[in-house]
$ cat input.txt   # compact mmCIF, C-alpha atoms
# COMPACT_ATOMS: atom_id res chain seq x y z
CA MET A 1 6.02 11.54 52.82
CA VAL A 2 6.27 8.58 50.50
CA GLU A 3 4.62 10.68 47.84
CA ALA A 4 7.09 13.45 48.40
CA VAL A 5 9.97 11.01 47.97
CA ALA A 6 8.38 9.63 44.83
CA VAL A 7 7.86 13.10 43.37
CA GLY A 8 11.40 13.97 44.36
CA SER A 9 12.90 10.94 42.64
CA VAL A 10 10.78 11.52 39.53
CA ARG A 11 12.03 15.08 39.44
CA ARG A 12 15.61 13.90 39.88
CA VAL A 13 15.19 11.45 37.00
CA ALA A 14 13.52 14.07 34.83
CA ASP A 15 16.14 16.74 35.49
CA GLY A 16 19.37 14.94 36.26
CA PRO A 17 21.90 13.36 33.92
CA ALA A 18 19.82 10.17 34.01
CA ALA A 19 17.18 12.07 32.02
CA GLU A 20 19.69 12.64 29.23
CA TRP A 21 20.33 8.93 28.98
CA LEU A 22 16.59 8.31 29.13
CA SER A 23 16.18 10.72 26.21
CA THR A 24 18.91 8.88 24.32
CA ALA A 25 16.97 5.64 24.83
CA ALA A 26 13.71 7.31 23.72
CA ARG A 27 15.48 8.74 20.66
CA LEU A 28 16.87 5.37 19.60
CA GLY A 29 13.58 3.62 20.38
CA LEU A 30 11.60 6.00 18.19
CA ALA A 31 14.32 5.77 15.52
CA VAL A 32 13.90 1.99 15.38
CA VAL A 33 10.13 2.41 15.00
CA TRP A 34 10.47 4.88 12.11
CA ALA A 35 13.23 2.90 10.39
CA TRP A 36 11.25 -0.33 10.60
CA ALA A 37 8.04 1.36 9.40
CA GLY A 38 9.86 3.07 6.54
CA LEU A 39 11.90 0.11 5.29
CA ALA A 40 8.87 -2.20 5.32
CA LYS A 41 7.05 0.11 2.89
CA ILE A 42 9.79 0.55 0.30
CA SER A 43 10.09 -2.80 -1.48
CA ASP A 44 6.89 -2.57 -3.57
CA PRO A 45 5.67 0.95 -4.44
CA ALA A 46 2.32 -0.42 -5.70
CA VAL A 47 1.61 -2.03 -2.32
CA ALA A 48 2.53 1.19 -0.50
CA ALA A 49 0.19 3.17 -2.75
CA GLN A 50 -2.60 0.64 -2.26
CA ALA A 51 -2.19 0.82 1.54
CA VAL A 52 -2.81 4.58 1.30
CA ARG A 53 -5.67 4.17 -1.19
CA ALA A 54 -7.42 1.63 1.05
CA TYR A 55 -8.14 4.36 3.65
CA ARG A 56 -10.36 6.06 1.03
CA ILE A 57 -9.44 9.47 2.38
CA LEU A 58 -7.02 10.99 -0.14
CA PRO A 59 -7.96 11.74 -3.75
CA GLU A 60 -6.38 9.43 -6.34
CA GLY A 61 -3.90 12.13 -7.37
CA LEU A 62 -2.33 12.16 -3.91
CA VAL A 63 -2.29 8.39 -3.34
CA LYS A 64 1.00 7.72 -5.11
CA PRO A 65 2.99 10.73 -3.83
CA VAL A 66 1.96 9.89 -0.26
CA GLY A 67 2.49 6.15 -0.68
CA TYR A 68 5.89 6.66 -2.28
CA GLY A 69 7.06 9.55 -0.07
CA LEU A 70 5.84 8.51 3.39
CA PRO A 71 8.41 5.70 3.92
CA PHE A 72 11.20 8.15 3.13
CA LEU A 73 9.79 10.72 5.55
CA GLU A 74 9.85 7.98 8.19
CA LEU A 75 13.42 7.02 7.28
CA ALA A 76 14.56 10.66 7.40
CA LEU A 77 13.09 10.97 10.90
CA ALA A 78 14.86 7.75 11.90
CA VAL A 79 18.23 9.02 10.66
CA LEU A 80 17.80 12.39 12.41
CA LEU A 81 16.85 10.64 15.66
CA VAL A 82 19.83 8.27 15.48
CA VAL A 83 22.32 11.11 15.06
CA GLY A 84 20.32 13.29 17.46
CA LEU A 85 20.02 16.39 15.29
CA GLY A 86 17.17 18.79 16.02
CA VAL A 87 15.58 16.29 18.38
CA ARG A 88 12.77 18.55 19.55
CA VAL A 89 11.68 19.49 16.01
CA VAL A 90 11.91 15.87 14.90
CA ALA A 91 9.84 14.82 17.91
CA VAL A 92 7.20 17.43 17.09
CA ILE A 93 7.04 16.22 13.47
CA SER A 94 6.80 12.63 14.79
CA ILE A 95 3.85 13.62 16.96
CA VAL A 96 2.06 15.29 14.06
CA LEU A 97 2.65 12.20 11.92
CA LEU A 98 1.48 9.77 14.64
CA LEU A 99 -1.66 11.84 15.28
CA THR A 100 -2.36 11.76 11.53
CA PHE A 101 -2.02 7.95 11.55
CA ILE A 102 -4.28 7.62 14.59
CA ALA A 103 -6.86 9.88 12.94
CA GLY A 104 -6.69 7.84 9.71
CA ILE A 105 -7.12 4.51 11.50
CA SER A 106 -9.95 5.89 13.66
CA SER A 107 -11.67 7.21 10.57
CA ALA A 108 -11.43 3.82 8.82
CA TRP A 109 -12.77 2.16 11.97
CA ALA A 110 -15.63 4.65 12.29
CA ARG A 111 -16.63 4.25 8.63
CA GLY A 112 -16.73 0.48 9.00
CA ILE A 113 -14.25 -0.32 6.22
CA SER A 114 -11.97 -3.31 6.77
CA ILE A 115 -8.30 -2.57 6.20
CA ASP A 116 -4.89 -3.33 7.61
CA CYS A 117 -3.32 -0.03 8.72
CA GLY A 118 -0.23 -0.77 6.61
CA CYS A 119 1.80 0.78 9.40
CA PHE A 120 4.70 -1.63 8.96
CA GLY A 121 4.27 -2.62 5.32
CA GLY A 122 1.38 -4.56 3.86
CA GLY A 123 -1.93 -2.78 4.17
CA GLY A 124 -5.01 -2.78 2.00
CA ALA A 125 -8.32 -4.54 2.44
CA VAL A 126 -8.65 -7.44 4.88
CA ALA A 127 -11.55 -9.54 6.07
CA LYS A 128 -13.72 -7.85 8.68
CA SER A 129 -12.60 -10.37 11.31
CA GLN A 130 -8.95 -9.50 10.69
CA THR A 131 -9.07 -5.79 11.48
CA GLN A 132 -7.00 -4.71 14.49
CA TYR A 133 -7.85 -1.05 14.83
CA GLY A 134 -7.69 -1.03 18.65
CA GLN A 135 -4.20 -2.56 18.81
CA GLU A 136 -2.95 -0.35 15.98
CA ILE A 137 -4.10 2.82 17.73
CA ALA A 138 -2.75 1.63 21.11
CA ARG A 139 0.62 0.92 19.50
CA ASP A 140 0.76 4.37 17.93
CA CYS A 141 -0.14 5.90 21.31
CA GLY A 142 2.86 4.12 22.81
CA PHE A 143 5.10 5.66 20.14
CA LEU A 144 3.42 8.99 20.86
CA LEU A 145 4.63 8.80 24.48
CA LEU A 146 8.25 8.38 23.31
CA ALA A 147 7.90 11.44 21.08
CA LEU A 148 6.22 13.49 23.83
CA TRP A 149 9.07 12.70 26.19
CA LEU A 150 11.53 13.99 23.58
CA VAL A 151 9.63 17.25 23.21
CA TYR A 152 9.73 17.61 27.01
CA ARG A 153 13.41 16.59 27.35
CA PRO A 154 15.13 16.83 23.95
CA ARG A 155 18.62 17.10 25.51
CA SER A 156 20.28 13.70 25.29
CA LYS A 157 23.65 12.02 25.53
CA ALA A 158 25.50 10.98 22.40
CA SER A 159 23.72 13.40 20.09
CA VAL A 160 24.75 16.01 17.54
CA ASP A 161 22.60 18.48 19.48
CA ALA A 162 24.79 17.95 22.58
CA TRP A 163 27.95 18.26 20.48
CA LEU A 164 26.69 21.57 19.10
CA ALA A 165 25.95 22.60 22.72
CA LEU A 166 22.36 23.45 21.85
CA MET B 1 31.31 62.56 44.47
CA SER B 2 35.04 62.58 43.76
CA LEU B 3 36.57 62.26 40.39
CA SER B 4 37.95 58.80 41.13
CA GLU B 5 34.52 57.63 42.22
CA LYS B 6 33.01 58.92 38.99
CA ASN B 7 35.71 57.18 37.04
CA ARG B 8 35.07 53.92 38.80
CA GLU B 9 31.36 54.19 38.11
CA GLY B 10 32.02 54.95 34.45
CA LYS B 11 34.25 51.88 34.21
CA ARG B 12 31.61 49.72 35.86
CA SER B 13 28.85 50.85 33.53
CA ALA B 14 31.13 50.29 30.55
CA ARG B 15 31.89 46.78 31.78
CA GLU B 16 28.20 46.13 32.34
CA ARG B 17 27.40 47.37 28.88
CA MET B 18 30.01 45.08 27.39
CA GLN B 19 28.66 42.13 29.36
CA GLN B 20 25.15 42.92 28.22
CA GLU B 21 26.28 43.19 24.63
CA ARG B 22 28.15 39.93 24.87
CA ALA B 23 25.11 38.21 26.40
CA ALA B 24 22.88 39.60 23.67
CA GLU B 25 25.30 38.35 21.05
CA GLN B 26 25.37 34.91 22.64
CA VAL B 27 21.59 34.80 22.60
CA LYS B 28 21.65 35.83 18.95
CA ALA B 29 24.27 33.19 18.11
CA ALA B 30 22.29 30.50 19.94
CA ARG B 31 19.14 31.47 18.06
CA ARG B 32 21.04 31.38 14.76
CA LYS B 33 22.38 27.92 15.62
CA LYS B 34 18.89 26.70 16.45
CA LEU B 35 17.47 28.06 13.22
CA LEU B 36 20.30 26.41 11.32
CA VAL B 37 19.51 23.07 12.96
CA VAL B 38 15.78 23.38 12.25
CA GLY B 39 16.60 24.35 8.66
CA THR B 40 18.92 21.37 8.29
CA VAL B 41 16.23 19.04 9.66
CA LEU B 42 13.66 20.36 7.18
CA VAL B 43 16.12 20.14 4.28
CA VAL B 44 17.03 16.54 5.17
CA ILE B 45 13.35 15.58 5.33
CA ALA B 46 12.40 17.40 2.13
CA ALA B 47 15.36 15.94 0.23
CA GLY B 48 14.62 12.44 1.53
CA VAL B 49 10.97 12.60 0.58
CA GLY B 50 11.68 14.19 -2.80
CA ILE B 51 14.32 11.64 -3.74
CA GLY B 52 12.09 8.86 -2.39
CA ILE B 53 9.11 9.84 -4.53
CA ALA B 54 11.32 10.09 -7.61
CA VAL B 55 12.98 6.71 -6.97
CA GLN B 56 9.68 4.92 -6.26
CA SER B 57 8.04 6.48 -9.32
CA SER B 58 10.82 5.20 -11.53
CA ARG B 59 10.68 1.76 -9.87
CA SER B 60 6.92 1.36 -10.11
CA ALA B 61 5.49 -0.50 -13.06
CA PRO B 62 3.58 1.63 -15.57
CA SER B 63 -0.22 1.46 -15.42
CA THR B 64 -0.25 0.91 -19.19
CA PRO B 65 1.42 -2.38 -20.12
CA THR B 66 4.31 -2.51 -22.58
CA ALA B 67 2.83 -5.66 -24.14
CA ALA B 68 -0.67 -7.11 -23.90
CA PRO B 69 -1.84 -10.56 -25.02
CA ALA B 70 -3.47 -10.71 -28.45
CA GLY B 71 -7.18 -10.01 -28.36
CA ALA B 72 -7.16 -8.31 -24.95
CA ILE B 73 -9.73 -5.51 -24.78
CA GLY B 74 -10.24 -2.21 -23.02
CA ASP B 75 -8.43 1.09 -23.53
CA LYS B 76 -5.29 -0.35 -21.93
CA LYS B 77 -5.92 -3.91 -23.19
CA LEU B 78 -6.17 -5.25 -19.65
CA ILE B 79 -9.26 -7.44 -20.08
CA ILE B 80 -9.37 -10.93 -21.54
CA PRO B 81 -12.62 -11.54 -23.44
CA ASP B 82 -14.33 -14.91 -23.73
CA GLY B 83 -17.43 -15.59 -25.80
CA PRO B 84 -19.15 -13.40 -28.42
CA ALA B 85 -18.43 -9.68 -28.13
CA ASN B 86 -21.90 -8.88 -29.46
CA ALA B 87 -23.75 -10.91 -26.80
CA PRO B 88 -26.46 -8.82 -25.09
CA SER B 89 -25.05 -9.31 -21.57
CA THR B 90 -21.54 -8.97 -20.19
CA LEU B 91 -20.16 -10.90 -17.24
CA THR B 92 -17.15 -9.17 -15.68
CA VAL B 93 -15.03 -11.40 -13.48
CA TYR B 94 -12.10 -10.32 -11.32
CA GLU B 95 -10.19 -13.36 -10.17
CA ASP B 96 -6.80 -14.25 -8.80
CA PRO B 97 -5.21 -17.56 -9.85
CA ARG B 98 -4.38 -18.35 -6.20
CA CYS B 99 -7.67 -17.27 -4.64
CA PRO B 100 -9.57 -20.27 -3.21
CA ALA B 101 -12.95 -18.51 -3.43
CA CYS B 102 -12.25 -18.05 -7.16
CA GLY B 103 -11.50 -21.76 -7.39
CA GLY B 104 -14.84 -22.43 -5.70
CA PHE B 105 -16.62 -20.03 -8.04
CA GLU B 106 -15.08 -21.64 -11.13
CA HIS B 107 -15.85 -25.13 -9.85
CA GLN B 108 -19.51 -24.21 -9.44
CA PHE B 109 -20.06 -21.89 -12.40
CA SER B 110 -17.56 -22.46 -15.22
CA ALA B 111 -19.78 -24.99 -17.04
CA THR B 112 -22.80 -22.66 -16.85
CA ILE B 113 -20.80 -19.62 -17.94
CA ASP B 114 -19.21 -21.51 -20.85
CA GLN B 115 -22.67 -22.63 -21.93
CA LEU B 116 -24.17 -19.12 -21.72
CA GLN B 117 -21.27 -17.79 -23.78
CA ASP B 118 -21.59 -20.53 -26.38
CA GLN B 119 -25.31 -19.81 -26.66
CA GLY B 120 -24.51 -16.20 -27.56
CA LYS B 121 -26.13 -14.92 -24.37
CA LEU B 122 -23.06 -13.77 -22.49
CA TYR B 123 -19.74 -12.03 -23.15
CA GLY B 124 -17.12 -12.90 -20.52
CA ASN B 125 -14.66 -10.18 -19.47
CA TYR B 126 -11.84 -11.51 -17.30
CA HIS B 127 -9.57 -9.38 -15.13
CA ILE B 128 -6.76 -11.66 -13.97
CA VAL B 129 -5.56 -9.96 -10.78
CA SER B 130 -2.66 -11.01 -8.57
CA PHE B 131 -3.09 -9.52 -5.11
CA ILE B 132 -2.79 -12.79 -3.15
CA ASP B 133 0.98 -12.64 -3.76
CA ARG B 134 0.98 -9.46 -1.63
CA HIS B 135 -1.09 -10.86 1.21
CA ASP B 136 0.48 -14.31 1.43
CA SER B 137 3.76 -13.27 -0.19
CA GLY B 138 4.90 -15.30 -3.14
CA HIS B 139 4.84 -15.40 -6.92
CA GLY B 140 2.12 -17.89 -7.84
CA SER B 141 -0.56 -15.32 -8.64
CA LYS B 142 1.72 -13.30 -10.90
CA ASN B 143 3.17 -16.37 -12.61
CA GLY B 144 -0.33 -17.79 -13.06
CA ALA B 145 -1.69 -14.51 -14.43
CA ASN B 146 1.24 -14.27 -16.83
CA ALA B 147 0.70 -17.87 -17.98
CA LEU B 148 -3.00 -17.11 -18.57
CA ALA B 149 -1.97 -14.12 -20.69
CA CYS B 150 0.38 -16.40 -22.62
CA ALA B 151 -2.52 -18.84 -23.16
CA GLN B 152 -4.75 -15.98 -24.36
CA ASP B 153 -1.98 -14.91 -26.71
CA ALA B 154 -1.94 -18.44 -28.13
CA GLY B 155 -5.76 -18.59 -28.34
CA TYR B 156 -6.36 -21.09 -25.51
CA PHE B 157 -7.45 -18.86 -22.64
CA ARG B 158 -10.67 -20.62 -21.68
CA ALA B 159 -9.29 -24.14 -21.72
CA TYR B 160 -6.14 -23.25 -19.79
CA HIS B 161 -8.09 -21.08 -17.33
CA ASP B 162 -10.35 -24.05 -16.55
CA VAL B 163 -7.36 -26.41 -16.16
CA LEU B 164 -5.61 -24.00 -13.77
CA TYR B 165 -8.63 -23.66 -11.50
CA LYS B 166 -9.22 -27.42 -11.51
CA ASN B 167 -5.62 -27.92 -10.34
CA GLN B 168 -5.43 -24.95 -8.00
CA PRO B 169 -3.07 -25.48 -5.05
CA ASP B 170 -4.04 -24.50 -1.52
CA GLU B 171 -3.85 -20.71 -1.04
CA THR B 172 -1.01 -20.92 1.44
CA VAL B 173 1.06 -23.26 -0.76
CA ASP B 174 2.78 -21.25 -3.47
CA THR B 175 3.08 -24.13 -5.94
CA TRP B 176 3.01 -21.85 -8.99
CA LYS B 177 6.08 -19.91 -7.93
CA ASP B 178 7.64 -22.79 -9.87
CA LYS B 179 6.80 -21.95 -13.49
CA SER B 180 7.41 -25.52 -14.65
CA GLN B 181 4.23 -26.48 -12.77
CA LEU B 182 2.28 -24.07 -14.97
CA ILE B 183 3.89 -25.50 -18.10
CA ALA B 184 3.11 -29.04 -16.95
CA LEU B 185 -0.58 -28.08 -16.63
CA ALA B 186 -0.51 -26.62 -20.15
CA LYS B 187 0.03 -30.17 -21.47
CA GLN B 188 -3.62 -30.84 -20.55
CA VAL B 189 -4.65 -28.34 -23.24
CA PRO B 190 -3.93 -29.88 -26.66
CA GLY B 191 -1.88 -27.51 -28.78
CA LEU B 192 -0.97 -25.03 -26.04
CA ASP B 193 2.39 -26.32 -24.89
CA THR B 194 4.71 -24.93 -27.57
CA PRO B 195 8.25 -23.55 -27.21
CA ALA B 196 6.75 -20.07 -27.67
CA PHE B 197 4.32 -20.65 -24.78
CA GLU B 198 7.07 -22.01 -22.55
CA SER B 199 9.35 -19.09 -23.18
CA CYS B 200 6.42 -16.72 -22.60
CA VAL B 201 5.78 -18.36 -19.19
CA ASN B 202 9.42 -18.68 -18.18
CA GLY B 203 10.39 -15.21 -19.39
CA GLN B 204 7.31 -13.58 -17.81
CA HIS B 205 6.58 -11.99 -21.15
CA PHE B 206 3.43 -10.23 -19.86
CA LYS B 207 4.88 -9.12 -16.52
CA SER B 208 4.04 -5.44 -17.08
CA TRP B 209 0.53 -6.42 -18.19
CA VAL B 210 0.02 -8.48 -15.01
CA SER B 211 1.15 -5.53 -12.92
CA ALA B 212 -1.06 -3.08 -14.84
CA VAL B 213 -4.13 -5.33 -14.42
CA GLU B 214 -3.50 -5.47 -10.67
CA GLN B 215 -3.05 -1.68 -10.46
CA ASP B 216 -6.32 -1.28 -12.34
CA PHE B 217 -8.01 -3.60 -9.83
CA ASP B 218 -6.52 -1.60 -6.94
CA LYS B 219 -8.31 1.48 -8.25
CA THR B 220 -11.71 -0.15 -8.68
CA GLY B 221 -12.37 -0.19 -4.94
CA TYR B 222 -13.36 -3.87 -5.10
CA THR B 223 -11.57 -5.50 -2.21
CA SER B 224 -11.91 -9.22 -2.79
CA THR B 225 -12.04 -11.87 -5.47
CA PRO B 226 -14.01 -13.21 -7.12
CA THR B 227 -15.82 -9.98 -7.87
CA VAL B 228 -18.48 -10.83 -10.43
CA LEU B 229 -20.59 -8.24 -12.23
CA LEU B 230 -23.47 -8.88 -14.59
CA ASN B 231 -23.81 -5.87 -16.88
CA GLY B 232 -21.87 -3.84 -14.31
CA LYS B 233 -23.92 -4.92 -11.29
CA PRO B 234 -22.35 -7.09 -8.54
CA ILE B 235 -23.97 -10.54 -8.37
CA TYR B 236 -21.51 -12.46 -6.18
CA PRO B 237 -22.24 -13.80 -3.62
CA LYS B 238 -25.69 -12.17 -3.94
CA ASN B 239 -27.65 -10.23 -6.51
CA GLY B 240 -29.88 -8.07 -4.34
CA ASN B 241 -31.45 -10.58 -1.97
CA GLU B 242 -30.96 -13.61 -4.20
CA GLU B 243 -27.99 -15.95 -3.71
CA ILE B 244 -26.04 -16.74 -6.84
CA SER B 245 -26.47 -20.28 -8.17
CA PRO B 246 -26.07 -21.73 -11.66
CA ASP B 247 -29.86 -21.68 -12.11
CA ASN B 248 -30.17 -18.12 -10.86
CA LEU B 249 -27.32 -16.98 -13.09
CA VAL B 250 -29.09 -18.38 -16.15
CA LYS B 251 -32.33 -16.74 -14.97
CA TRP B 252 -30.67 -13.34 -14.43
CA VAL B 253 -28.96 -13.45 -17.83
CA ASP B 254 -32.21 -14.39 -19.57
CA GLN B 255 -34.04 -11.58 -17.77
CA ALA B 256 -31.40 -9.07 -18.80
CA ASN B 257 -31.40 -10.34 -22.38
CA GLN B 258 -35.18 -10.19 -22.86
CA GLY B 259 -36.05 -8.82 -26.27
CA LYS B 260 -32.44 -8.47 -27.36
CA PRO B 261 -30.80 -10.38 -30.22
CA LEU B 262 -28.25 -13.03 -29.20
CA GLY B 263 -24.58 -12.75 -30.02
CA THR B 264 -22.80 -14.63 -32.77
CA THR B 265 -22.36 -18.29 -31.96
CA GLY B 266 -20.19 -20.89 -33.54
CA SER B 267 -17.12 -22.96 -32.91
CA ALA B 268 -14.93 -19.85 -32.80
CA SER B 269 -16.47 -18.64 -29.55
CA ALA B 270 -15.73 -21.89 -27.72
CA SER B 271 -12.02 -21.32 -28.09
CA PRO B 272 -11.72 -17.62 -28.77
CA ALA B 273 -8.98 -16.98 -31.23
CA PRO B 274 -7.71 -13.43 -31.00
CA THR B 275 -9.62 -11.37 -33.53
CA SER B 276 -9.62 -7.73 -34.46
CA THR B 277 -13.34 -7.41 -33.68
CA ALA B 278 -12.72 -8.52 -30.10
CA ALA B 279 -9.85 -6.09 -29.79
CA ALA B 280 -12.06 -3.21 -30.92
CA ALA B 281 -14.78 -3.89 -28.35
CA LEU B 282 -14.97 -1.65 -25.30
CA PRO B 283 -15.03 -2.75 -21.65
CA PRO B 284 -18.35 -2.55 -19.82
CA HIS B 285 -17.18 0.30 -17.60

$ encode --input "input.txt" --output "structure tokens"
Amino acid sequence: MVEAVAVGSVRRVADGPAAEWLSTAARLGLAVVWAWAGLAKISDPAVAAQAVRAYRILPEGLVKPVGYGLPFLELALAVLLVVGLGVRVVAVISIVLLLTFIAGISSAWARGISIDCGCFGGGGAVAKSQTQYGQEIARDCGFLLLALWLVYRPRSKASVDAWLAL
Amino acid sequence: MSLSEKNREGKRSARERMQQERAAEQVKAARRKKLLVVGTVLVVIAAGVGIGIAVQSSRSAPSTPTAAPAGAIGDKKLIIPDGPANAPSTLTVYEDPRCPACGGFEHQFSATIDQLQDQGKLYGNYHIVSFIDRHDSGHGSKNGANALACAQDAGYFRAYHDVLYKNQPDETVDTWKDKSQLIALAKQVPGLDTPAFESCVNGQHFKSWVSAVEQDFDKTGYTSTPTVLLNGKPIYPKNGNEEISPDNLVKWVDQANQGKPLGTTGSASASPAPTSTAAAALPPH
């Protein structure tokens, strides 16, 4: 009985107008994450490139394009989430990007190299005692939940999508 | 079936057809709208990333410096040499002016290294990197590296290098963000503190060189300073199983030099004036 009520209220939240406000909150939350991550990587291109290089995954020829371009990809996602245009596509791209980050951090962890993920600026080699792979992955998983919600319920209040009646 | 009934049926099927057509058109319009949105999203992302890469490329410092200090060696002139270029062994040192471990290294080894160089046994190759400014934020590493380049340009690299490390501030205190501190320390090196040196320090004359040296260090894969290589092989903090010490360093250099002629010695090597022979020498790797 209690379970039934709980399931019922979850369903009401997930389907009712409250869900659209919840999606708006998820949209703006994820937008803040991407904007913060992007802006923090822009000031010094050499640092951004070194953060990418420190993973020792990409060949040297791709280090700079990725280091220079990634913050702008993150900013573009932030802008699209703020205005609420193509929320489901943007959420899917966000998921792909977050899974890539999680894979990169896991790979660095597994190979025993000591780096800062450079997720919000900085990055590069750090002392072995200063690595925070577990927290970094957990944080990205939290962001992943926001993006998953938006794939599940992309319709949200105060969005261009709603204005276009998509 | 009467005629009117047939008529009615015909009307109904026509209405149904129209409704179906309208529904199909709505579906088509909705799909078109969705495609347009997805297309817009992809265009926004592609444009953002494209513009971003272009902007960052134009903002980033070139990996080849626009000006290098006199006597710097290597294909991009990023390395400061100390001691005789024809010495049988080469000691490559990557150090950051703000790095405390480099201060410790210099405190323990500078006398021994100077001696080995002056005996013609060792050719010092210094890479003055500046990555502490990134980690701790600040300007002291870059200002210090630039001042060292200015000192090299004036022919006083070794003396000024030793003075800087003897007066190194704590890593977390960015004393050398104030360039006048670097000029004040230059007064301890007779002959160095000239108007040309001061304007070189204040105007960050070798800024692009400092940035290029750091970019070069980024690509080496070495992750900390000091990184010390004897003839290309890492020896700090250990050479194989042996800890580095002044005695061991002398021993390792002598072992490496066995049967080889020593480099040119003389007063010139103690305070290396920029020479064309030094500039022509190649880096160890």

$ closest_atom_pairs --input "input.txt" --of "chain B" --to "chain A" --cutoff "10 Å" --atoms "all atoms listed in the file" --output "Markdown table"
| residue | atom | partner | partner_atom | distance |
| --- | --- | --- | --- | --- |
| B:Ala30 | CA | A:Leu166 | CA | 7.3 |
| B:Arg31 | CA | A:Leu166 | CA | 9.4 |
| B:Lys33 | CA | A:Leu166 | CA | 7.7 |
| B:Lys34 | CA | A:Leu166 | CA | 7.2 |
| B:Leu35 | CA | A:Gly86 | CA | 9.7 |
| B:Leu36 | CA | A:Gly86 | CA | 9.5 |
| B:Val37 | CA | A:Gly86 | CA | 5.8 |
| B:Val38 | CA | A:Gly86 | CA | 6.1 |
| B:Gly39 | CA | A:Gly86 | CA | 9.2 |
| B:Thr40 | CA | A:Gly86 | CA | 8.3 |
| B:Val41 | CA | A:Gly86 | CA | 6.4 |
| B:Leu42 | CA | A:Val89 | CA | 9.1 |
| B:Val44 | CA | A:Ala76 | CA | 6.8 |
| B:Ile45 | CA | A:Ala76 | CA | 5.5 |
| B:Ala46 | CA | A:Leu73 | CA | 7.9 |
| B:Ala47 | CA | A:Ala76 | CA | 8.9 |
| B:Gly48 | CA | A:Phe72 | CA | 5.7 |
| B:Val49 | CA | A:Gly69 | CA | 5.0 |
| B:Gly50 | CA | A:Gly69 | CA | 7.1 |
| B:Ile51 | CA | A:Phe72 | CA | 8.3 |
| B:Gly52 | CA | A:Gly69 | CA | 5.6 |
| B:Ile53 | CA | A:Gly69 | CA | 4.9 |
| B:Ala54 | CA | A:Tyr68 | CA | 8.3 |
| B:Val55 | CA | A:Tyr68 | CA | 8.5 |
| B:Gln56 | CA | A:Tyr68 | CA | 5.8 |
| B:Ser57 | CA | A:Tyr68 | CA | 7.4 |
| B:Ser58 | CA | A:Pro45 | CA | 9.7 |
| B:Arg59 | CA | A:Pro45 | CA | 7.4 |
| B:Ser60 | CA | A:Pro45 | CA | 5.8 |
| B:Ala61 | CA | A:Ala46 | CA | 8.0 |
| B:Phe131 | CA | A:Val47 | CA | 9.3 |
| B:Arg134 | CA | A:Gly122 | CA | 7.4 |
| B:His135 | CA | A:Gly122 | CA | 7.3 |
| B:Ser137 | CA | A:Gly122 | CA | 9.9 |
| B:Ser211 | CA | A:Ala46 | CA | 8.9 |
| B:Glu214 | CA | A:Ala46 | CA | 9.2 |
| B:Gln215 | CA | A:Ala46 | CA | 7.3 |
| B:Asp218 | CA | A:Gln50 | CA | 6.5 |
| B:Lys219 | CA | A:Arg53 | CA | 8.0 |
| B:Gly221 | CA | A:Ala54 | CA | 8.0 |
| B:Tyr222 | CA | A:Ala125 | CA | 9.1 |
| B:Thr223 | CA | A:Ala125 | CA | 5.8 |
| B:Ser224 | CA | A:Ala125 | CA | 7.9 |

$ write_last_selection --input "input.txt" --atoms "C-alpha atoms" --output "short mmCIF file (atom, residue, chain, number, x, y, z; two decimals), in the coordinates of the input"
data_model
loop_
_atom_site.label_atom_id
_atom_site.label_comp_id
_atom_site.auth_asym_id
_atom_site.auth_seq_id
_atom_site.Cartn_x
_atom_site.Cartn_y
_atom_site.Cartn_z
CA ALA B 30 22.29 30.50 19.94
CA ARG B 31 19.14 31.47 18.06
CA LYS B 33 22.38 27.92 15.62
CA LYS B 34 18.89 26.70 16.45
CA LEU B 35 17.47 28.06 13.22
CA LEU B 36 20.30 26.41 11.32
CA VAL B 37 19.51 23.07 12.96
CA VAL B 38 15.78 23.38 12.25
CA GLY B 39 16.60 24.35 8.66
CA THR B 40 18.92 21.37 8.29
CA VAL B 41 16.23 19.04 9.66
CA LEU B 42 13.66 20.36 7.18
CA VAL B 44 17.03 16.54 5.17
CA ILE B 45 13.35 15.58 5.33
CA ALA B 46 12.40 17.40 2.13
CA ALA B 47 15.36 15.94 0.23
CA GLY B 48 14.62 12.44 1.53
CA VAL B 49 10.97 12.60 0.58
CA GLY B 50 11.68 14.19 -2.80
CA ILE B 51 14.32 11.64 -3.74
CA GLY B 52 12.09 8.86 -2.39
CA ILE B 53 9.11 9.84 -4.53
CA ALA B 54 11.32 10.09 -7.61
CA VAL B 55 12.98 6.71 -6.97
CA GLN B 56 9.68 4.92 -6.26
CA SER B 57 8.04 6.48 -9.32
CA SER B 58 10.82 5.20 -11.53
CA ARG B 59 10.68 1.76 -9.87
CA SER B 60 6.92 1.36 -10.11
CA ALA B 61 5.49 -0.50 -13.06
CA PHE B 131 -3.09 -9.52 -5.11
CA ARG B 134 0.98 -9.46 -1.63
CA HIS B 135 -1.09 -10.86 1.21
CA SER B 137 3.76 -13.27 -0.19
CA SER B 211 1.15 -5.53 -12.92
CA GLU B 214 -3.50 -5.47 -10.67
CA GLN B 215 -3.05 -1.68 -10.46
CA ASP B 218 -6.52 -1.60 -6.94
CA LYS B 219 -8.31 1.48 -8.25
CA GLY B 221 -12.37 -0.19 -4.94
CA TYR B 222 -13.36 -3.87 -5.10
CA THR B 223 -11.57 -5.50 -2.21
CA SER B 224 -11.91 -9.22 -2.79
#

$ closest_residue --input "input.txt" --among "A:Tyr55, A:Trp34, A:Tyr133, A:Phe120" --to "Leu97 in chain A" --atoms "all atoms listed in the file"
A:Trp34

$ atom_distance --input "input.txt" --atom1 "CA of Glu136 in chain A" --atom2 "CA of Ala37 in chain A"
12.9 Å
